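First comes the structure, then the notes that go with it.
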Amino acid sequence: MTRARPTPRIPRVTGTRRAPRTSLLASLLAATLAAGALLGLGGAGSASGAVPPAPGWNLQWSDDFDGPDRTLPDAGRWQIDTGHGYPGGPGNWGTGEIQNYTASPDNVRLDGTGNLRITPLRDGAGNWTSARIETKRADFKAPAGGTLRIEGRVQMPNVTGDAALGYWPAFWALGSPYRGNYWNWPAIGEFDIMENVNGLDSVWGVLHCGVNPGGPCGETTGIGASRACPGSTCQSGFHTYRFEWDRSVSPNELRWYVDGQLFHSVNETRVGAAAWADMTSHAGYFVLLNLAIGGAFPDALAGKTPTAATVPGRPMLVDYVAVWTKGGGTTTPPTTPPTTPPTTPPPSGSATLYLRGDGVAGDAQGAATTAVLASAGGTNHDGTPTNPQVFTSGPVTRTYNGGATRFDLFVDAGTVVANGQQVRVSYDRTGDGTWDRVETYRYFATDPVPGYEHYTEGSGPQSATGTPGNLVNGRVKVEVWNAIGNGPSSLGTGNQSVVRIPFS
């Protein structure tokens, strides 16, 4: 129920029902197979026109997909993802889906009647293509004391039964720190507003958070619920899917609706304060629309998908997507300058920290030197700094930009077999001696060949505690140690190893 995680999960399916397989459908499949691929057949229903009014809500962003046929989505609002994964991110978008995403109008286009059309296609060799787009904006967030509402009117691909095996349409949102990191899921949060699989008459709403596997959201499954669409089936007509993040109630709550009917909710108490803060205290979320083929969710319900019976060319249609807020403040920056000067001190200290041999981390590079990482002594110190090399930076006054910590450490175990180096980055946001945010990354197994290797954030996060936030005369501490192995390792210092913190 996510397109971000590096490992698949088995979804909850209790309470869903499979769309009926009729003899009429079977008789029509052969006749419509080629036509479906060429024409991109849709289902019943049509665009409703402009984004509907929402009394009491303030519209922050919207797109009603009005434009000529075969034009791409508005580049000022959307960016198109291509390929089989983000550069440097998990392969197959972290879910095992098999299609290649493209920016071709054959896969993603406006249809000239007020809809966005995402169409999966299969070539003669059996290769699938489809499309995935995401909003340029990544700051959609409930204002303090208010509520965020993300809504779309969508018709799922009009295909059911064996012909639908492997179809996986979705309308969802990811936490902004995912951009540029791609390994910090699920801590940054994911809201699956509408998800469907294999042509079932069911909509899933899911929250992903915490750590993977396990954690407060039970990853990789997440906390989810599903129900049949009201009135017409999900496939045969448009339905309105809505997600709300409510900060006006205590505890704060997330809610999922289809056609105005509530079918799922999760509050802060259920996941705990730490996980809730991790997914809500960053800059906000971006919204995605995609139609995947195959992967962990379809496979869990139908075995290996798609099959030879799967019919290409059945699009997901999107009439509009809109984001509103009400109460509290606003997610839109003010258009006029403030009338009073800022109270935060001007930026100081560096956001690029070179690890120097004197135990300091800062923007001043020193000569290339080496620090020795003590042997783990054959004991497992995974996750626990043991005889670490420590580098500290501060005071630092900078604004958290919603991103994630990045690093490139030069490490070498020489000819020692089975050594692994690990890093922990800690943030004392106010310089009061309390480490408000502590991030530990998975250890890096060095090879037994002399020469430096690059240990980066691509190894993935292991754990994180506390919440990110602005640094005001704060400090940053970097600890590097051998987590496993029977011999020492080397860490390149001076101008070699660097940590980049997500602060402007």
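Chain labels A, B, ... are given in the sequence in which chains occur in the structure tokens; within each chain residues are numbered consecutively from 1, and ligands are likewise numbered from 1 in the order shown.
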
Mind running region 155-241 of chain A against region 69-93 of chain A at 12 Å and telling me each contacting residue's nearest atom pair with the distance in Å (one decimal), counting only C-alpha atoms, chain and number ascending, as a Markdown table?
```
| residue | atom | partner | partner_atom | distance |
| --- | --- | --- | --- | --- |
| A:Tyr178 | CA | A:Gly89 | CA | 10.0 |
| A:Arg179 | CA | A:Tyr86 | CA | 9.2 |
| A:Gly180 | CA | A:Gly88 | CA | 8.7 |
| A:Asn181 | CA | A:Gly89 | CA | 7.6 |
| A:Tyr182 | CA | A:Gly89 | CA | 5.1 |
| A:Trp183 | CA | A:Gly89 | CA | 6.8 |
| A:Asn184 | CA | A:Gly89 | CA | 10.3 |
| A:Trp185 | CA | A:Pro90 | CA | 10.9 |
```

For the selection you just gave me, I'd like the residues written to a file as an mmCIF file, in the first residue's frame, keeping C-alpha atoms.
```cif
data_model
loop_
_atom_site.group_PDB
_atom_site.id
_atom_site.type_symbol
_atom_site.label_atom_id
_atom_site.label_comp_id
_atom_site.auth_asym_id
_atom_site.auth_seq_id
_atom_site.Cartn_x
_atom_site.Cartn_y
_atom_site.Cartn_z
ATOM 1 C CA TYR A 178 11.422 11.297 1.158
ATOM 2 C CA ARG A 179 12.482 13.474 -1.753
ATOM 3 C CA GLY A 180 16.201 13.086 -2.210
ATOM 4 C CA ASN A 181 16.596 10.356 0.413
ATOM 5 C CA TYR A 182 14.374 7.415 -0.670
ATOM 6 C CA TRP A 183 15.415 5.261 2.302
ATOM 7 C CA ASN A 184 13.652 6.994 5.209
ATOM 8 C CA TRP A 185 10.281 5.298 4.677
#
```

Run DSSP on the backbone and give me the residues of region 140-386 of chain A it puts in helix (DSSP H, G or I), as a PyMOL selection string.
chain A and resi 161-164+176-178+268-271+273-280+296-302

Could you produce a table of the residues of region 426-481 of chain A lying within 8 Å of region 404-411 of chain A, with the nearest pair of atoms per residue and their separation in Å rounded to one decimal, using only C-alpha atoms, ordered by chain and increasing residue number, as a tab-separated table?
```
residue	atom	partner	partner_atom	distance
A:Thr446	CA	A:Val411	CA	7.5
A:Tyr452	CA	A:Val411	CA	5.2
A:Glu453	CA	A:Val411	CA	5.4
A:His454	CA	A:Phe410	CA	5.2
A:Tyr455	CA	A:Leu409	CA	5.0
A:Thr456	CA	A:Asp408	CA	4.6
A:Glu457	CA	A:Arg406	CA	5.6
```

Tell me, as a PyMOL selection string, which residues lie within 7 Å of region 170-173 of chain A, counting only C-alpha atoms; anything in the same chain fewer than 6 positions away does not count.
chain A and resi 190-196+285-291

Next, the residues of the selection above should be written as a compact mmCIF listing (two decimals), in the first residue's frame with C-alpha atoms.
```txt
# COMPACT_ATOMS: atom_id res chain seq x y z
CA GLU A 190 2.50 7.77 3.98
CA PHE A 191 -1.24 8.29 3.58
CA ASP A 192 -2.87 5.94 1.06
CA ILE A 193 -6.08 7.81 0.26
CA MET A 194 -7.37 5.40 -2.38
CA GLU A 195 -5.80 2.08 -3.25
CA ASN A 196 -7.22 -0.81 -5.21
CA TYR A 285 3.43 16.02 2.07
CA PHE A 286 3.29 15.69 -1.69
CA VAL A 287 0.44 13.94 -3.53
CA LEU A 288 0.84 11.10 -6.03
CA LEU A 289 -1.29 9.36 -8.65
CA ASN A 290 -0.15 6.16 -10.31
CA LEU A 291 -1.24 2.90 -11.84
```

Find the spatial neighbours of Gly359 (chain A), counting only C-alpha atoms, within a cut-off of 9 Å - ignore same-chain residues fewer than 5 positions away - and output them as number ranges by chain.
A: 389-392

Selection: 12 Å around Gly402 (chain A), only C-alpha atoms, excl. self and same-chain fewer than 3 positions, as an NGL selection string
:A and (138-139 or 175-181 or 188 or 278-285 or 399 or 405 or 467-470 or 501-504)

The selected residues should be written to file as a PDB file, in the first residue's frame (atoms: C-alpha atoms).
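And here's out-v9.pdb as it stands now:
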```
ATOM      1  CA  ALA A 138       5.508  19.082  -0.947  1.00  0.00           C
ATOM      2  CA  ASP A 139       4.214  21.301   1.843  1.00  0.00           C
ATOM      3  CA  GLY A 175       6.208  12.925   3.550  1.00  0.00           C
ATOM      4  CA  SER A 176       8.432  15.579   1.958  1.00  0.00           C
ATOM      5  CA  PRO A 177      11.713  14.294   3.491  1.00  0.00           C
ATOM      6  CA  TYR A 178      11.422  11.297   1.158  1.00  0.00           C
ATOM      7  CA  ARG A 179      12.482  13.474  -1.753  1.00  0.00           C
ATOM      8  CA  GLY A 180      16.201  13.086  -2.210  1.00  0.00           C
ATOM      9  CA  ASN A 181      16.596  10.356   0.413  1.00  0.00           C
ATOM     10  CA  ILE A 188       8.316  10.182   7.185  1.00  0.00           C
ATOM     11  CA  ASP A 278       8.181  11.864  12.958  1.00  0.00           C
ATOM     12  CA  MET A 279       5.450  11.825  10.310  1.00  0.00           C
ATOM     13  CA  THR A 280       3.839  15.183  11.156  1.00  0.00           C
ATOM     14  CA  SER A 281       6.590  17.580  12.259  1.00  0.00           C
ATOM     15  CA  HIS A 282       8.331  17.916   8.890  1.00  0.00           C
ATOM     16  CA  ALA A 283       7.488  20.399   6.134  1.00  0.00           C
ATOM     17  CA  GLY A 284       4.485  18.487   4.773  1.00  0.00           C
ATOM     18  CA  TYR A 285       3.429  16.023   2.072  1.00  0.00           C
ATOM     19  CA  THR A 399      16.144  26.369   9.746  1.00  0.00           C
ATOM     20  CA  THR A 405      20.471  13.735   6.790  1.00  0.00           C
ATOM     21  CA  THR A 467      11.672  15.040  16.159  1.00  0.00           C
ATOM     22  CA  PRO A 468      13.580  17.241  13.714  1.00  0.00           C
ATOM     23  CA  GLY A 469      13.316  20.994  14.044  1.00  0.00           C
ATOM     24  CA  ASN A 470      15.211  24.261  13.781  1.00  0.00           C
ATOM     25  CA  ILE A 501      22.449  18.141   7.525  1.00  0.00           C
ATOM     26  CA  PRO A 502      18.958  19.166   6.270  1.00  0.00           C
ATOM     27  CA  PHE A 503      19.070  22.803   7.354  1.00  0.00           C
ATOM     28  CA  SER A 504      18.986  26.052   5.374  1.00  0.00           C
TER      29      SER A 504
END
```

From the set A:Leu116, A:Val258, A:Val425, A:Ala50, which residue has the shortest atom-to-atom contact distance to Leu353 (chain A), counting only C-alpha atoms?
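Residue with the minimum atom-to-atom distance to Leu353 (chain A): A:Val425.
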
How many Å separate CA of Pro68 (chain A) from CA of Arg117 (chain A)?
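These atoms are spaced 12.3 Å apart.
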
Give the strand (DSSP E) residues of region 377-431 of chain A, as assigned by DSSP on the backbone, as a list in words.
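These are the residues in question: Gln389, Val390, Phe391, Thr392, Ser393, Gly394, Pro395, Val396, Thr397, Arg398, Arg406, Phe407, Asp408, Leu409, Phe410, Val411, Asp412, Gly420, Gln421, Gln422, Val423, Arg424, Val425, Ser426, Tyr427 and Asp428 of chain A.
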
Go ahead and save the residues from that selection, with N, CA and C atoms, as a PDB file, in the first residue's frame.
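Ended up saving to selection_31.pdb:
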```
ATOM      1  N   GLN A 389      34.554   6.983  17.152  1.00  0.00           N
ATOM      2  CA  GLN A 389      35.166   8.266  16.841  1.00  0.00           C
ATOM      3  C   GLN A 389      34.033   9.290  16.826  1.00  0.00           C
ATOM      4  N   VAL A 390      34.213  10.383  17.569  1.00  0.00           N
ATOM      5  CA  VAL A 390      33.137  11.362  17.760  1.00  0.00           C
ATOM      6  C   VAL A 390      33.563  12.704  17.165  1.00  0.00           C
ATOM      7  N   PHE A 391      32.658  13.312  16.405  1.00  0.00           N
ATOM      8  CA  PHE A 391      32.894  14.604  15.778  1.00  0.00           C
ATOM      9  C   PHE A 391      31.706  15.508  16.110  1.00  0.00           C
ATOM     10  N   THR A 392      31.980  16.711  16.604  1.00  0.00           N
ATOM     11  CA  THR A 392      30.916  17.603  17.066  1.00  0.00           C
ATOM     12  C   THR A 392      31.009  18.941  16.365  1.00  0.00           C
ATOM     13  N   SER A 393      29.845  19.484  16.002  1.00  0.00           N
ATOM     14  CA  SER A 393      29.759  20.790  15.361  1.00  0.00           C
ATOM     15  C   SER A 393      28.838  21.687  16.174  1.00  0.00           C
ATOM     16  N   GLY A 394      29.157  22.959  16.244  1.00  0.00           N
ATOM     17  CA  GLY A 394      28.280  23.900  16.914  1.00  0.00           C
ATOM     18  C   GLY A 394      29.050  25.110  17.427  1.00  0.00           C
ATOM     19  N   PRO A 395      28.339  26.183  17.806  1.00  0.00           N
ATOM     20  CA  PRO A 395      26.873  26.288  17.705  1.00  0.00           C
ATOM     21  C   PRO A 395      26.411  26.491  16.259  1.00  0.00           C
ATOM     22  N   VAL A 396      25.212  25.952  15.970  1.00  0.00           N
ATOM     23  CA  VAL A 396      24.610  26.070  14.651  1.00  0.00           C
ATOM     24  C   VAL A 396      23.215  26.666  14.801  1.00  0.00           C
ATOM     25  N   THR A 397      22.925  27.698  14.030  1.00  0.00           N
ATOM     26  CA  THR A 397      21.580  28.278  13.987  1.00  0.00           C
ATOM     27  C   THR A 397      21.104  28.232  12.537  1.00  0.00           C
ATOM     28  N   ARG A 398      20.202  27.312  12.259  1.00  0.00           N
ATOM     29  CA  ARG A 398      19.699  27.145  10.906  1.00  0.00           C
ATOM     30  C   ARG A 398      18.277  26.614  10.946  1.00  0.00           C
ATOM     31  N   ARG A 406      22.194  13.408   5.120  1.00  0.00           N
ATOM     32  CA  ARG A 406      22.921  12.685   4.073  1.00  0.00           C
ATOM     33  C   ARG A 406      24.398  12.634   4.464  1.00  0.00           C
ATOM     34  N   PHE A 407      25.075  11.605   4.063  1.00  0.00           N
ATOM     35  CA  PHE A 407      26.494  11.510   4.416  1.00  0.00           C
ATOM     36  C   PHE A 407      27.236  10.659   3.393  1.00  0.00           C
ATOM     37  N   ASP A 408      28.546  10.873   3.335  1.00  0.00           N
ATOM     38  CA  ASP A 408      29.439  10.072   2.502  1.00  0.00           C
ATOM     39  C   ASP A 408      30.720   9.889   3.308  1.00  0.00           C
ATOM     40  N   LEU A 409      30.871   8.730   3.928  1.00  0.00           N
ATOM     41  CA  LEU A 409      32.014   8.444   4.779  1.00  0.00           C
ATOM     42  C   LEU A 409      32.969   7.504   4.048  1.00  0.00           C
ATOM     43  N   PHE A 410      34.260   7.828   4.072  1.00  0.00           N
ATOM     44  CA  PHE A 410      35.284   6.973   3.495  1.00  0.00           C
ATOM     45  C   PHE A 410      35.704   5.963   4.558  1.00  0.00           C
ATOM     46  N   VAL A 411      35.467   4.680   4.324  1.00  0.00           N
ATOM     47  CA  VAL A 411      35.799   3.647   5.297  1.00  0.00           C
ATOM     48  C   VAL A 411      36.578   2.529   4.608  1.00  0.00           C
ATOM     49  N   ASP A 412      37.466   1.906   5.382  1.00  0.00           N
ATOM     50  CA  ASP A 412      38.285   0.833   4.834  1.00  0.00           C
ATOM     51  C   ASP A 412      38.643  -0.127   5.965  1.00  0.00           C
ATOM     52  N   GLY A 420      32.057  -4.254   9.835  1.00  0.00           N
ATOM     53  CA  GLY A 420      30.964  -3.377   9.441  1.00  0.00           C
ATOM     54  C   GLY A 420      30.987  -2.102  10.244  1.00  0.00           C
ATOM     55  N   GLN A 421      30.986  -0.949   9.546  1.00  0.00           N
ATOM     56  CA  GLN A 421      31.021   0.353  10.215  1.00  0.00           C
ATOM     57  C   GLN A 421      29.611   0.928  10.315  1.00  0.00           C
ATOM     58  N   GLN A 422      29.384   1.717  11.358  1.00  0.00           N
ATOM     59  CA  GLN A 422      28.054   2.267  11.593  1.00  0.00           C
ATOM     60  C   GLN A 422      28.171   3.725  12.019  1.00  0.00           C
ATOM     61  N   VAL A 423      27.127   4.517  11.711  1.00  0.00           N
ATOM     62  CA  VAL A 423      27.132   5.935  12.055  1.00  0.00           C
ATOM     63  C   VAL A 423      25.840   6.312  12.763  1.00  0.00           C
ATOM     64  N   ARG A 424      25.968   7.222  13.704  1.00  0.00           N
ATOM     65  CA  ARG A 424      24.819   7.829  14.385  1.00  0.00           C
ATOM     66  C   ARG A 424      24.994   9.333  14.333  1.00  0.00           C
ATOM     67  N   VAL A 425      23.927  10.037  13.942  1.00  0.00           N
ATOM     68  CA  VAL A 425      23.943  11.499  13.885  1.00  0.00           C
ATOM     69  C   VAL A 425      22.900  12.016  14.864  1.00  0.00           C
ATOM     70  N   SER A 426      23.323  12.880  15.791  1.00  0.00           N
ATOM     71  CA  SER A 426      22.437  13.380  16.849  1.00  0.00           C
ATOM     72  C   SER A 426      22.356  14.895  16.776  1.00  0.00           C
ATOM     73  N   TYR A 427      21.158  15.415  17.065  1.00  0.00           N
ATOM     74  CA  TYR A 427      20.903  16.852  17.013  1.00  0.00           C
ATOM     75  C   TYR A 427      20.445  17.372  18.372  1.00  0.00           C
ATOM     76  N   ASP A 428      21.194  18.312  18.914  1.00  0.00           N
ATOM     77  CA  ASP A 428      20.792  19.069  20.108  1.00  0.00           C
ATOM     78  C   ASP A 428      20.296  20.409  19.580  1.00  0.00           C
TER      79      ASP A 428
END
```

Quick one, how far is CA of Trp256 (chain A) from CA of Leu165 (chain A)?
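We find that CA of Trp256 (chain A) and CA of Leu165 (chain A) lie 25.5 Å from each other.
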
Compile a residue-level contact table for region 399-492 of chain A against region 379-382 of chain A at a cut-off of 10 Å, reporting for every qualifying residue the shortest atom pair and its distance in Å to one decimal, with only C-alpha atoms counted, rows ordered by chain and ascending number, as a Markdown table.
```
| residue | atom | partner | partner_atom | distance |
| --- | --- | --- | --- | --- |
| A:Gly420 | CA | A:Asp382 | CA | 8.9 |
| A:Gln421 | CA | A:Asp382 | CA | 9.1 |
| A:Gln422 | CA | A:Asp382 | CA | 7.6 |
| A:Thr440 | CA | A:Asp382 | CA | 9.7 |
| A:Tyr441 | CA | A:Asp382 | CA | 9.7 |
| A:Arg442 | CA | A:Asp382 | CA | 8.1 |
| A:Tyr443 | CA | A:Asp382 | CA | 7.2 |
| A:Gln462 | CA | A:Asp382 | CA | 9.6 |
| A:Trp481 | CA | A:His381 | CA | 8.7 |
| A:Asn482 | CA | A:His381 | CA | 7.4 |
| A:Ala483 | CA | A:His381 | CA | 4.4 |
| A:Ile484 | CA | A:Asn380 | CA | 5.2 |
| A:Gly485 | CA | A:Thr379 | CA | 7.2 |
| A:Asn486 | CA | A:Thr379 | CA | 8.1 |
```

Generate the output file for the selected residues, C-alpha atoms, as a PDB file, in the first residue's frame.
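And here is the file that came out, result_3.pdb:
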```pdb
ATOM      1  CA  GLY A 420      30.964  -3.377   9.441  1.00  0.00           C
ATOM      2  CA  GLN A 421      31.021   0.353  10.215  1.00  0.00           C
ATOM      3  CA  GLN A 422      28.054   2.267  11.593  1.00  0.00           C
ATOM      4  CA  THR A 440      21.147   5.598  13.545  1.00  0.00           C
ATOM      5  CA  TYR A 441      21.867   4.117  10.121  1.00  0.00           C
ATOM      6  CA  ARG A 442      22.363   0.489   9.140  1.00  0.00           C
ATOM      7  CA  TYR A 443      25.966  -0.612   9.273  1.00  0.00           C
ATOM      8  CA  GLN A 462      17.943   1.697  11.299  1.00  0.00           C
ATOM      9  CA  TRP A 481      32.260   2.860  15.139  1.00  0.00           C
ATOM     10  CA  ASN A 482      32.748  -0.769  14.179  1.00  0.00           C
ATOM     11  CA  ALA A 483      29.442  -2.548  14.751  1.00  0.00           C
ATOM     12  CA  ILE A 484      30.744  -6.031  13.883  1.00  0.00           C
ATOM     13  CA  GLY A 485      34.004  -7.766  13.115  1.00  0.00           C
ATOM     14  CA  ASN A 486      37.332  -8.746  14.635  1.00  0.00           C
TER      15      ASN A 486
END
```

What's around Met156 (chain A) at 12 Å? Count only C-alpha atoms, leave out sequence neighbours fewer than 3 positions away in its own chain, and write the answer as a PyMOL selection string.
chain A and resi 41-45+116-119+152-153+159-160+164+167-171+194-203+229+232-241+289-291+314-319

Atoms to include: N, CA and C atoms. Write the selected residues as a CSV table (one decimal), in the first residue's frame.
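File part_6.csv, as written:
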```
chain,number,residue,atom,x,y,z
A,41,LEU,N,-9.8,2.2,-23.1
A,41,LEU,CA,-11.2,2.2,-22.8
A,41,LEU,C,-11.4,2.6,-21.3
A,42,GLY,N,-12.3,3.5,-21.1
A,42,GLY,CA,-12.7,3.9,-19.7
A,42,GLY,C,-14.0,3.3,-19.4
A,43,GLY,N,-14.5,3.7,-18.2
A,43,GLY,CA,-15.8,3.2,-17.7
A,43,GLY,C,-16.8,4.3,-17.8
A,44,ALA,N,-17.9,4.0,-17.1
A,44,ALA,CA,-19.0,4.9,-17.1
A,44,ALA,C,-18.6,6.2,-16.3
A,45,GLY,N,-19.4,7.3,-16.6
A,45,GLY,CA,-19.1,8.5,-15.8
A,45,GLY,C,-18.3,9.5,-16.7
A,116,LEU,N,-7.7,13.4,-16.2
A,116,LEU,CA,-6.4,12.9,-16.4
A,116,LEU,C,-6.6,11.4,-16.7
A,117,ARG,N,-5.8,10.8,-17.6
A,117,ARG,CA,-6.0,9.4,-18.0
A,117,ARG,C,-4.6,8.8,-17.8
A,118,ILE,N,-4.5,7.8,-16.9
A,118,ILE,CA,-3.2,7.0,-16.8
A,118,ILE,C,-3.6,5.6,-17.3
A,119,THR,N,-2.8,5.2,-18.3
A,119,THR,CA,-3.2,3.9,-19.0
A,119,THR,C,-2.0,3.0,-19.0
A,152,GLY,N,-9.8,13.7,-4.2
A,152,GLY,CA,-9.8,13.4,-5.6
A,152,GLY,C,-11.1,12.7,-6.1
A,153,ARG,N,-11.5,13.0,-7.2
A,153,ARG,CA,-12.6,12.2,-7.8
A,153,ARG,C,-12.0,11.3,-8.9
A,159,VAL,N,-12.1,-2.7,-15.2
A,159,VAL,CA,-11.7,-4.1,-15.5
A,159,VAL,C,-11.8,-4.9,-14.3
A,160,THR,N,-12.3,-6.1,-14.4
A,160,THR,CA,-12.5,-7.0,-13.2
A,160,THR,C,-12.1,-8.4,-13.6
A,164,ALA,N,-8.2,-8.3,-14.7
A,164,ALA,CA,-7.7,-7.2,-13.9
A,164,ALA,C,-6.5,-7.6,-13.1
A,167,TYR,N,-3.5,-5.2,-11.7
A,167,TYR,CA,-3.8,-3.8,-11.7
A,167,TYR,C,-3.7,-3.3,-10.3
A,168,TRP,N,-3.0,-2.1,-10.1
A,168,TRP,CA,-2.8,-1.5,-8.8
A,168,TRP,C,-2.8,0.0,-8.9
A,169,PRO,N,-4.0,0.6,-9.0
A,169,PRO,CA,-4.1,2.1,-9.0
A,169,PRO,C,-4.1,2.7,-7.6
A,170,ALA,N,-3.6,3.9,-7.5
A,170,ALA,CA,-3.5,4.5,-6.2
A,170,ALA,C,-3.5,6.0,-6.3
A,171,PHE,N,-4.0,6.6,-5.2
A,171,PHE,CA,-4.0,8.1,-5.0
A,171,PHE,C,-3.6,8.2,-3.5
A,194,MET,N,-6.6,6.4,-1.6
A,194,MET,CA,-7.4,5.4,-2.4
A,194,MET,C,-6.4,4.4,-3.0
A,195,GLU,N,-6.6,3.1,-2.7
A,195,GLU,CA,-5.8,2.1,-3.3
A,195,GLU,C,-6.7,0.9,-3.6
A,196,ASN,N,-6.4,0.3,-4.7
A,196,ASN,CA,-7.2,-0.8,-5.2
A,196,ASN,C,-6.3,-1.8,-5.9
A,197,VAL,N,-6.8,-3.1,-6.0
A,197,VAL,CA,-6.0,-4.1,-6.6
A,197,VAL,C,-6.8,-5.1,-7.3
A,198,ASN,N,-6.3,-5.6,-8.4
A,198,ASN,CA,-6.9,-6.8,-9.1
A,198,ASN,C,-8.4,-6.6,-9.5
A,199,GLY,N,-8.9,-5.3,-9.6
A,199,GLY,CA,-10.2,-5.1,-10.0
A,199,GLY,C,-11.3,-5.4,-9.0
A,200,LEU,N,-10.9,-5.5,-7.7
A,200,LEU,CA,-11.9,-5.8,-6.7
A,200,LEU,C,-12.7,-4.5,-6.4
A,201,ASP,N,-14.0,-4.7,-6.1
A,201,ASP,CA,-14.9,-3.6,-5.8
A,201,ASP,C,-14.6,-3.2,-4.4
A,202,SER,N,-13.4,-2.6,-4.1
A,202,SER,CA,-13.0,-2.2,-2.8
A,202,SER,C,-12.0,-1.1,-2.8
A,203,VAL,N,-12.1,-0.2,-1.9
A,203,VAL,CA,-11.1,0.9,-1.7
A,203,VAL,C,-10.4,0.6,-0.4
A,229,CYS,N,-17.2,0.3,-2.7
A,229,CYS,CA,-17.7,1.7,-3.1
A,229,CYS,C,-19.2,1.8,-3.0
A,232,SER,N,-22.5,2.6,-7.3
A,232,SER,CA,-21.8,1.8,-8.4
A,232,SER,C,-20.5,1.3,-7.9
A,233,THR,N,-20.0,0.2,-8.5
A,233,THR,CA,-18.7,-0.4,-8.1
A,233,THR,C,-17.6,0.7,-8.3
A,234,CYS,N,-16.5,0.4,-7.7
A,234,CYS,CA,-15.3,1.3,-7.8
A,234,CYS,C,-14.9,1.4,-9.3
A,235,GLN,N,-15.1,0.3,-10.0
A,235,GLN,CA,-14.6,0.3,-11.4
A,235,GLN,C,-15.5,0.9,-12.4
A,236,SER,N,-16.8,0.9,-12.1
A,236,SER,CA,-17.8,1.3,-13.1
A,236,SER,C,-18.2,2.7,-13.1
A,237,GLY,N,-17.7,3.5,-12.1
A,237,GLY,CA,-18.1,4.9,-12.0
A,237,GLY,C,-17.1,5.7,-11.2
A,238,PHE,N,-17.2,7.0,-11.3
A,238,PHE,CA,-16.4,7.9,-10.5
A,238,PHE,C,-16.8,7.8,-9.0
A,239,HIS,N,-15.9,7.9,-8.1
A,239,HIS,CA,-16.1,8.1,-6.7
A,239,HIS,C,-15.2,9.1,-6.1
A,240,THR,N,-15.6,9.8,-5.1
A,240,THR,CA,-14.8,10.8,-4.4
A,240,THR,C,-14.1,10.3,-3.2
A,241,TYR,N,-12.8,10.4,-3.2
A,241,TYR,CA,-11.9,9.8,-2.1
A,241,TYR,C,-11.3,11.0,-1.4
A,289,LEU,N,-0.3,10.2,-7.9
A,289,LEU,CA,-1.3,9.4,-8.6
A,289,LEU,C,-0.5,8.4,-9.5
A,290,ASN,N,-0.8,7.1,-9.5
A,290,ASN,CA,-0.1,6.2,-10.3
A,290,ASN,C,-1.0,4.9,-10.5
A,291,LEU,N,-0.6,4.2,-11.6
A,291,LEU,CA,-1.2,2.9,-11.8
A,291,LEU,C,-0.1,1.9,-12.1
A,314,ARG,N,-6.7,-0.3,-19.9
A,314,ARG,CA,-7.8,0.2,-19.1
A,314,ARG,C,-7.3,1.2,-18.1
A,315,PRO,N,-7.7,2.5,-18.4
A,315,PRO,CA,-7.1,3.6,-17.6
A,315,PRO,C,-7.7,3.9,-16.3
A,316,MET,N,-7.0,4.5,-15.4
A,316,MET,CA,-7.5,5.2,-14.3
A,316,MET,C,-7.8,6.6,-14.7
A,317,LEU,N,-9.0,7.1,-14.4
A,317,LEU,CA,-9.5,8.4,-14.8
A,317,LEU,C,-9.5,9.3,-13.5
A,318,VAL,N,-9.0,10.5,-13.6
A,318,VAL,CA,-9.0,11.4,-12.5
A,318,VAL,C,-9.7,12.7,-12.9
A,319,ASP,N,-10.8,13.1,-12.3
A,319,ASP,CA,-11.5,14.3,-12.6
A,319,ASP,C,-10.9,15.5,-12.0
```

Give me the region 286-308 of chain A side of the contact with region 218-226 of chain A, cut-off 12 Å, one line per residue showing its nearest atom pair and distance in Å at one decimal, counting only C-alpha atoms, sorted by chain and residue number, as a Markdown table.
```
| residue | atom | partner | partner_atom | distance |
| --- | --- | --- | --- | --- |
| A:Ala296 | CA | A:Thr220 | CA | 10.3 |
| A:Phe297 | CA | A:Thr221 | CA | 9.6 |
| A:Ala300 | CA | A:Thr221 | CA | 11.2 |
```
